[in-house]
Amino acid sequence: QVQLVESGGGLVQSGGSLRLSCAASGFAFNYYAIGWFRQAPGKEREGVSWIGRSDGSIHYADSVKGRFTISRDNAKNTVYLQMNSVNPEDTAVYYCAAAPGSPTDNTLSLHPSFYKYWGRGTQVTVSS
């Protein structure tokens, strides 16, 4: 069956780094765009970053631009989110999601409705 499994979360000090992984199985990974989202307590789910199937298309939310880097390894069916210079506002549960196809614009690429499959999330906590 379809699975997206996030890992790499944990507790990190402000200014530190983490690398999240999203391991996929059960679908044609190479044909799916992958997005990272996050949800803090009491807040709506927020799109963080998106990477296209194979053409190198990438987009970031303004809140993480210049600090986070998304990448994918199609041979390993895995997408990564390198998080640098984290701050307490980055504290949230981070989810990866998969969508068949490419979004028509950057706004859609970071909207939850575009995505078909979701992982269960990994907690990231940034201490000040």
# chains A, B, ... in the order shown; residues from 1 in each chain; ligands from 1
$ residues_around --residues "range 46-49 of chain A" --least-positions-apart "5" --cutoff "9 Å" --atoms "only C-alpha atoms" --output "list in words"
Ile34, Gly35, Trp36, Phe37, Arg38, Gln39, Ala40, Ile58, His59, Tyr60, Ala61, Asp62, Ser63, Val64, Lys65, Phe68, Thr69, Ile70, Leu81, Ser109, Leu110, His111 and Pro112 of chain A
$ residues_around --residues "Val126 in chain A" --least-positions-apart "2" --cutoff "12 Å" --atoms "only C-alpha atoms" --output "JSON list (two decimals) with N, CA, C and O atoms, in the first residue's frame"
[["chain", "number", "residue", "atom", "x", "y", "z"],
["A", 9, "GLY", "N", 13.00, 14.17, 12.71],
["A", 9, "GLY", "CA", 12.59, 15.23, 13.62],
["A", 9, "GLY", "C", 13.23, 15.06, 14.98],
["A", 9, "GLY", "O", 13.88, 14.06, 15.26],
["A", 10, "GLY", "N", 13.04, 16.07, 15.81],
["A", 10, "GLY", "CA", 13.59, 16.02, 17.16],
["A", 10, "GLY", "C", 13.68, 17.39, 17.77],
["A", 10, "GLY", "O", 13.05, 18.34, 17.29],
["A", 11, "LEU", "N", 14.47, 17.47, 18.82],
["A", 11, "LEU", "CA", 14.68, 18.73, 19.53],
["A", 11, "LEU", "C", 16.00, 19.34, 19.11],
["A", 11, "LEU", "O", 17.03, 18.66, 19.09],
["A", 12, "VAL", "N", 15.97, 20.61, 18.74],
["A", 12, "VAL", "CA", 17.17, 21.30, 18.29],
["A", 12, "VAL", "C", 17.17, 22.70, 18.86],
["A", 12, "VAL", "O", 16.10, 23.30, 19.06],
["A", 13, "GLN", "N", 18.34, 23.23, 19.10],
["A", 13, "GLN", "CA", 18.44, 24.59, 19.61],
["A", 13, "GLN", "C", 18.28, 25.60, 18.48],
["A", 13, "GLN", "O", 18.59, 25.31, 17.31],
["A", 14, "SER", "N", 17.82, 26.76, 18.84],
["A", 14, "SER", "CA", 17.68, 27.83, 17.86],
["A", 14, "SER", "C", 19.02, 28.09, 17.20],
["A", 14, "SER", "O", 20.06, 28.16, 17.86],
["A", 15, "GLY", "N", 18.99, 28.22, 15.88],
["A", 15, "GLY", "CA", 20.21, 28.41, 15.10],
["A", 15, "GLY", "C", 20.82, 27.12, 14.59],
["A", 15, "GLY", "O", 21.73, 27.15, 13.77],
["A", 16, "GLY", "N", 20.30, 26.00, 15.06],
["A", 16, "GLY", "CA", 20.82, 24.71, 14.66],
["A", 16, "GLY", "C", 20.22, 24.19, 13.36],
["A", 16, "GLY", "O", 19.52, 24.92, 12.65],
["A", 17, "SER", "N", 20.51, 22.92, 13.09],
["A", 17, "SER", "CA", 20.07, 22.31, 11.83],
["A", 17, "SER", "C", 19.46, 20.93, 12.07],
["A", 17, "SER", "O", 19.81, 20.25, 13.05],
["A", 18, "LEU", "N", 18.58, 20.56, 11.17],
["A", 18, "LEU", "CA", 18.00, 19.22, 11.13],
["A", 18, "LEU", "C", 17.82, 18.83, 9.69],
["A", 18, "LEU", "O", 17.60, 19.71, 8.83],
["A", 40, "ALA", "N", 1.68, 23.75, 13.40],
["A", 40, "ALA", "CA", 1.94, 24.06, 14.80],
["A", 40, "ALA", "C", 0.63, 23.99, 15.58],
["A", 40, "ALA", "O", -0.45, 24.14, 14.98],
["A", 83, "MET", "N", 17.04, 21.67, 7.07],
["A", 83, "MET", "CA", 16.59, 22.84, 7.80],
["A", 83, "MET", "C", 17.77, 23.47, 8.52],
["A", 83, "MET", "O", 18.33, 22.86, 9.43],
["A", 84, "ASN", "N", 18.15, 24.66, 8.12],
["A", 84, "ASN", "CA", 19.26, 25.37, 8.75],
["A", 84, "ASN", "C", 18.74, 26.64, 9.43],
["A", 84, "ASN", "O", 17.68, 27.14, 9.10],
["A", 85, "SER", "N", 19.53, 27.14, 10.36],
["A", 85, "SER", "CA", 19.18, 28.39, 11.06],
["A", 85, "SER", "C", 17.75, 28.35, 11.58],
["A", 85, "SER", "O", 17.00, 29.32, 11.41],
["A", 86, "VAL", "N", 17.40, 27.26, 12.21],
["A", 86, "VAL", "CA", 16.03, 27.14, 12.69],
["A", 86, "VAL", "C", 15.78, 28.09, 13.86],
["A", 86, "VAL", "O", 16.70, 28.52, 14.55],
["A", 87, "ASN", "N", 14.52, 28.43, 14.05],
["A", 87, "ASN", "CA", 14.13, 29.28, 15.15],
["A", 87, "ASN", "C", 12.85, 28.71, 15.77],
["A", 87, "ASN", "O", 12.23, 27.80, 15.19],
["A", 88, "PRO", "N", 12.45, 29.19, 16.94],
["A", 88, "PRO", "CA", 11.28, 28.61, 17.62],
["A", 88, "PRO", "C", 10.00, 28.63, 16.78],
["A", 88, "PRO", "O", 9.14, 27.76, 16.97],
["A", 89, "GLU", "N", 9.89, 29.54, 15.84],
["A", 89, "GLU", "CA", 8.71, 29.59, 14.98],
["A", 89, "GLU", "C", 8.65, 28.40, 14.01],
["A", 89, "GLU", "O", 7.62, 28.17, 13.38],
["A", 90, "ASP", "N", 9.73, 27.67, 13.89],
["A", 90, "ASP", "CA", 9.74, 26.47, 13.04],
["A", 90, "ASP", "C", 9.21, 25.24, 13.77],
["A", 90, "ASP", "O", 9.08, 24.18, 13.16],
["A", 91, "THR", "N", 8.92, 25.38, 15.04],
["A", 91, "THR", "CA", 8.39, 24.26, 15.81],
["A", 91, "THR", "C", 7.02, 23.85, 15.29],
["A", 91, "THR", "O", 6.11, 24.67, 15.18],
["A", 92, "ALA", "N", 6.90, 22.58, 14.92],
["A", 92, "ALA", "CA", 5.66, 22.07, 14.34],
["A", 92, "ALA", "C", 5.81, 20.58, 14.07],
["A", 92, "ALA", "O", 6.91, 20.03, 14.15],
["A", 93, "VAL", "N", 4.70, 19.95, 13.72],
["A", 93, "VAL", "CA", 4.76, 18.62, 13.13],
["A", 93, "VAL", "C", 4.94, 18.81, 11.63],
["A", 93, "VAL", "O", 4.19, 19.57, 11.01],
["A", 123, "GLN", "N", 7.78, 15.28, 14.55],
["A", 123, "GLN", "CA", 7.78, 16.47, 15.37],
["A", 123, "GLN", "C", 9.14, 17.15, 15.33],
["A", 123, "GLN", "O", 10.18, 16.50, 15.54],
["A", 124, "VAL", "N", 9.13, 18.45, 15.11],
["A", 124, "VAL", "CA", 10.34, 19.27, 15.21],
["A", 124, "VAL", "C", 10.09, 20.32, 16.29],
["A", 124, "VAL", "O", 9.10, 21.06, 16.23],
["A", 128, "SER", "N", 14.60, 27.90, 22.38],
["A", 128, "SER", "CA", 15.24, 29.22, 22.28],
["A", 128, "SER", "C", 16.43, 29.35, 23.22],
["A", 128, "SER", "O", 16.67, 28.49, 24.05]]
$ closest_residue --among "A:Pro41, A:Asn77, A:Ser71, A:Asn30" --to "Ser54 in chain A" --atoms "only C-alpha atoms"
A:Asn30
$ select_by_dssp --residues "chain A" --states "strand (DSSP E)" --output "JSON, numbers by chain"
{"A": [3, 4, 5, 6, 7, 10, 11, 12, 13, 18, 19, 20, 21, 22, 23, 24, 25, 32, 33, 34, 35, 36, 37, 38, 39, 46, 47, 48, 49, 50, 51, 58, 59, 60, 68, 69, 70, 71, 72, 73, 78, 79, 80, 81, 82, 83, 92, 93, 94, 95, 96, 97, 98, 99, 100, 117, 118, 122, 123, 124, 125, 126, 127]}
$ atom_distance --atom1 "CA of Lys76 in chain A" --atom2 "CA of Arg45 in chain A"
27.0 Å
